[in-house]
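**Q** Take this structure first; my questions come after.
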Amino acid sequence: MTAIVAYKDAECIYYGSDSRVTFDSGPVYDTNNKWRVMSGRTAKTPILVGCAGSARLDNIIVSSAKNFESAESIFEIADHIKKSIAIDGWKEEKDEGGEPPSYSIDLLVIFEKGLYRISSDLSVTEIQDFQFVAVGSGEPYCLGAAYGSKSKKPKEIIKVALSAAIKFDPNCGGRLFIGTIDR
């Protein structure tokens, strides 16, 4: 699985993840960052997407990223994702009461210098300043470690949180990726 995290303060959005790690009968392949940089409306406003959950849905989202360029709001991005999933024919799960659909995916999105979480039902939540957020199987470890290190600088909080997920969640691993976007 994964650990994808972000923290927003008044000056920057800090983001990070563990890396994609694959195992086979021989070597371990530690590949790349789980944050995808996509074109925004201008070169100075890229859209970054961190995707936790189904690898198939991650591929659908990345393949539909060209539609994000014209988005004027985070809600349009969520709508583009939902349309792409529907076109693919993905069968969503519904709870016992029949609502809402769950797409087995959680996203963190940096859009127009804001930080957002798009949940598995494709609802959008804006992350407020000075708030740490995490998604993926390593989420509880990341949140606990971030809370325990809240007196540290933002990059250090990200590093500690991801390190905790890699240490305690057997589904997280590889290298740490940490980046920043100026606001």
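Following the order of the structure tokens, first chain is A, next is B, and so on, with residues numbered from 1 inside each chain and ligands from 1 in the order they appear.
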Which polymer residues have any atom within 7 Å of an atom of A:Tyr14, counting only C-alpha atoms, with same-chain residues fewer than 2 positions away left out, as a VMD selection string?
**A** chain A and resid 6 to 8 12 154 to 155 179 to 181
**Q** Mind dumping the selected residues with all heavy atoms as a tab-separated table (two decimals), in the first residue's frame?
**A**
```
chain	number	residue	atom	x	y	z
A	6	ALA	N	1.03	15.40	3.51
A	6	ALA	CA	1.23	16.81	3.16
A	6	ALA	C	0.97	17.67	4.38
A	6	ALA	O	0.24	17.28	5.31
A	6	ALA	CB	0.32	17.23	2.01
A	7	TYR	N	1.58	18.84	4.36
A	7	TYR	CA	1.42	19.81	5.44
A	7	TYR	C	1.44	21.19	4.79
A	7	TYR	O	2.28	21.48	3.94
A	7	TYR	CB	2.57	19.69	6.44
A	7	TYR	CG	2.53	20.71	7.55
A	7	TYR	CD1	1.78	20.47	8.70
A	7	TYR	CD2	3.25	21.89	7.47
A	7	TYR	CE1	1.74	21.41	9.73
A	7	TYR	CE2	3.22	22.83	8.50
A	7	TYR	CZ	2.47	22.58	9.62
A	7	TYR	OH	2.42	23.50	10.64
A	8	LYS	N	0.50	22.04	5.19
A	8	LYS	CA	0.39	23.37	4.60
A	8	LYS	C	0.59	24.41	5.68
A	8	LYS	O	-0.06	24.37	6.73
A	8	LYS	CB	-0.99	23.51	3.95
A	8	LYS	CG	-1.21	24.82	3.24
A	8	LYS	CD	-2.51	24.81	2.46
A	8	LYS	CE	-3.68	25.18	3.32
A	8	LYS	NZ	-4.89	25.51	2.58
A	12	CYS	N	4.31	27.63	2.34
A	12	CYS	CA	4.54	26.48	1.45
A	12	CYS	C	3.55	25.36	1.72
A	12	CYS	O	2.92	25.32	2.77
A	12	CYS	CB	5.94	25.89	1.67
A	12	CYS	SG	7.30	26.94	1.19
A	154	PRO	N	8.41	21.75	9.30
A	154	PRO	CA	7.54	20.95	8.43
A	154	PRO	C	8.22	19.80	7.69
A	154	PRO	O	7.69	18.69	7.66
A	154	PRO	CB	6.97	21.98	7.46
A	154	PRO	CG	6.97	23.25	8.24
A	154	PRO	CD	8.21	23.19	9.08
A	155	LYS	N	9.38	20.03	7.09
A	155	LYS	CA	10.06	18.94	6.37
A	155	LYS	C	10.44	17.81	7.32
A	155	LYS	O	10.37	16.64	6.95
A	155	LYS	CB	11.29	19.45	5.64
A	155	LYS	CG	10.99	20.09	4.33
A	155	LYS	CD	12.27	20.36	3.56
A	155	LYS	CE	11.95	20.97	2.21
A	155	LYS	NZ	13.14	21.26	1.44
A	179	GLY	N	8.93	17.07	-1.03
A	179	GLY	CA	9.01	18.24	-1.89
A	179	GLY	C	8.23	19.40	-1.31
A	179	GLY	O	7.52	19.25	-0.31
A	180	THR	N	8.37	20.56	-1.95
A	180	THR	CA	7.63	21.74	-1.50
A	180	THR	C	7.10	22.50	-2.70
A	180	THR	O	7.67	22.45	-3.79
A	180	THR	CB	8.50	22.72	-0.68
A	180	THR	OG1	9.58	23.17	-1.49
A	180	THR	CG2	9.03	22.09	0.57
A	181	ILE	N	6.00	23.19	-2.49
A	181	ILE	CA	5.41	24.10	-3.46
A	181	ILE	C	5.20	25.43	-2.73
A	181	ILE	O	4.56	25.45	-1.67
A	181	ILE	CB	4.04	23.58	-3.98
A	181	ILE	CG1	4.20	22.30	-4.77
A	181	ILE	CG2	3.31	24.65	-4.76
A	181	ILE	CD1	4.67	22.49	-6.18
```
**Q** A:Ser104, A:Ser151, A:Ser137, A:Ser73: which is nearest A:Arg41, counting only C-alpha atoms?
**A**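 Residue with the minimum atom-to-atom distance to A:Arg41: A:Ser73.
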**Q** Which is closer to A:Glu72 than all the others in A:Glu156, A:Glu139, A:Glu112, A:Asp58, using only C-alpha atoms?
**A**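 Smallest separation from A:Glu72 among the options: A:Glu112.
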**Q** Which of these, A:Ile166, A:Ile60, A:Leu115, A:Ile13, has the shortest distance to A:Ile81 once you count only C-alpha atoms?
**A**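 With only C-alpha atoms as the atom set, the closest residue is A:Ile60.
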**Q** Applying 12 Å and only C-alpha atoms, which residues near A:Thr125 remain after dropping the ones on its own chain fewer than 2 positions away? List them as a list in words.
**A**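 Those residues are Ile74, Phe75, Ala78, Asp106, Leu107, Leu108, Val109, Ile110, Gly114, Leu115, Tyr116, Arg117, Ile118, Ser119, Ser120, Asp121, Leu122, Ser123, Ile127, Gln128 and Val133 of chain A.
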**Q** Could the residues in this selection be written to a file with N, CA and C atoms, as an mmCIF file, in the first residue's frame?
**A**
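Saved result, part_15.cif, follows:
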```cif
data_model
loop_
_atom_site.group_PDB
_atom_site.id
_atom_site.type_symbol
_atom_site.label_atom_id
_atom_site.label_comp_id
_atom_site.auth_asym_id
_atom_site.auth_seq_id
_atom_site.Cartn_x
_atom_site.Cartn_y
_atom_site.Cartn_z
ATOM 1 N N ILE A 74 -11.208 22.615 -7.718
ATOM 2 C CA ILE A 74 -10.908 21.245 -7.305
ATOM 3 C C ILE A 74 -12.115 20.338 -7.534
ATOM 4 N N PHE A 75 -13.315 20.913 -7.493
ATOM 5 C CA PHE A 75 -14.524 20.124 -7.710
ATOM 6 C C PHE A 75 -14.619 19.652 -9.158
ATOM 7 N N ALA A 78 -12.446 16.594 -9.341
ATOM 8 C CA ALA A 78 -13.164 15.431 -8.806
ATOM 9 C C ALA A 78 -14.195 14.923 -9.812
ATOM 10 N N ASP A 106 -7.967 7.107 -2.205
ATOM 11 C CA ASP A 106 -7.924 8.395 -1.522
ATOM 12 C C ASP A 106 -6.826 9.211 -2.170
ATOM 13 N N LEU A 107 -7.094 10.492 -2.379
ATOM 14 C CA LEU A 107 -6.146 11.359 -3.064
ATOM 15 C C LEU A 107 -5.823 12.574 -2.215
ATOM 16 N N LEU A 108 -4.581 13.026 -2.318
ATOM 17 C CA LEU A 108 -4.219 14.357 -1.866
ATOM 18 C C LEU A 108 -3.888 15.128 -3.126
ATOM 19 N N VAL A 109 -4.437 16.329 -3.244
ATOM 20 C CA VAL A 109 -4.255 17.125 -4.457
ATOM 21 C C VAL A 109 -3.799 18.529 -4.065
ATOM 22 N N ILE A 110 -2.740 18.976 -4.726
ATOM 23 C CA ILE A 110 -2.297 20.358 -4.589
ATOM 24 C C ILE A 110 -2.748 21.060 -5.864
ATOM 25 N N GLY A 114 -3.580 25.430 -3.139
ATOM 26 C CA GLY A 114 -4.371 24.909 -2.033
ATOM 27 C C GLY A 114 -4.129 23.417 -1.905
ATOM 28 N N LEU A 115 -4.438 22.858 -0.751
ATOM 29 C CA LEU A 115 -4.271 21.436 -0.479
ATOM 30 C C LEU A 115 -5.640 20.833 -0.200
ATOM 31 N N TYR A 116 -5.936 19.718 -0.867
ATOM 32 C CA TYR A 116 -7.258 19.093 -0.772
ATOM 33 C C TYR A 116 -7.120 17.584 -0.639
ATOM 34 N N ARG A 117 -8.127 16.995 0.008
ATOM 35 C CA ARG A 117 -8.248 15.542 0.064
ATOM 36 C C ARG A 117 -9.510 15.176 -0.706
ATOM 37 N N ILE A 118 -9.358 14.254 -1.649
ATOM 38 C CA ILE A 118 -10.517 13.696 -2.348
ATOM 39 C C ILE A 118 -10.661 12.270 -1.822
ATOM 40 N N SER A 119 -11.748 12.036 -1.093
ATOM 41 C CA SER A 119 -11.969 10.752 -0.426
ATOM 42 C C SER A 119 -12.505 9.701 -1.387
ATOM 43 N N SER A 120 -12.641 8.489 -0.887
ATOM 44 C CA SER A 120 -13.046 7.361 -1.729
ATOM 45 C C SER A 120 -14.451 7.505 -2.308
ATOM 46 N N ASP A 121 -15.276 8.404 -1.759
ATOM 47 C CA ASP A 121 -16.586 8.669 -2.358
ATOM 48 C C ASP A 121 -16.529 9.889 -3.283
ATOM 49 N N LEU A 122 -15.305 10.380 -3.535
ATOM 50 C CA LEU A 122 -14.999 11.524 -4.390
ATOM 51 C C LEU A 122 -15.492 12.856 -3.818
ATOM 52 N N SER A 123 -15.708 12.885 -2.497
ATOM 53 C CA SER A 123 -15.995 14.160 -1.843
ATOM 54 C C SER A 123 -14.683 14.908 -1.640
ATOM 55 N N ILE A 127 -7.836 21.234 3.060
ATOM 56 C CA ILE A 127 -6.984 21.121 4.241
ATOM 57 C C ILE A 127 -6.550 22.526 4.631
ATOM 58 N N GLN A 128 -6.816 22.884 5.863
ATOM 59 C CA GLN A 128 -6.533 24.228 6.353
ATOM 60 C C GLN A 128 -5.038 24.416 6.638
ATOM 61 N N VAL A 133 -1.870 16.114 6.937
ATOM 62 C CA VAL A 133 -2.836 15.152 6.427
ATOM 63 C C VAL A 133 -2.075 13.969 5.818
#
```
**Q** May I ask which of the residues A:Lys159, A:Lys167, A:Arg175, A:Lys44 is the closest one to A:Ala146, counting only C-alpha atoms?
**A** A:Lys159
**Q** Using only C-alpha atoms, determine which residues lie at most 7 Å from A:Ser39, disregarding the query and same-chain residues fewer than 6 positions distant; provide the list as a ChimeraX atom specification.
**A** /A:46-47,69
**Q** Would you give me, as a PyMOL selection string, the residues in chain A that DSSP reads as strand (DSSP E or B)?
**A** chain A and resi 4-8+12-17+19-23+28-33+35-38+47-53+93-94+101-102+105-111+114-118+124-126+131-135+177-182
**Q** Which one is closest to A:Ile157: A:Gly144, A:Gly138, A:Asp88, A:Phe111? Count only C-alpha atoms.
**A**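 Smallest distance to A:Ile157 is found for A:Gly144.
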**Q** Restricting the calculation to only C-alpha atoms, which member of A:Ser54, A:Asn171, A:Ser17, A:Ser70 is positioned closest to A:Ile105?
**A** A:Ser54
**Q** I need the residues in chain A that are alpha helix (DSSP H) according to DSSP; give them as a ChimeraX atom specification.
**A** /A:55-63,74-88,139-148,154-168
**Q** One decimal, in Å: what's the spacing between atom CA of A:Ile61 and atom CA of A:Cys172?
**A**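 Separation of atom CA of A:Ile61 and atom CA of A:Cys172: 21.6 Å.
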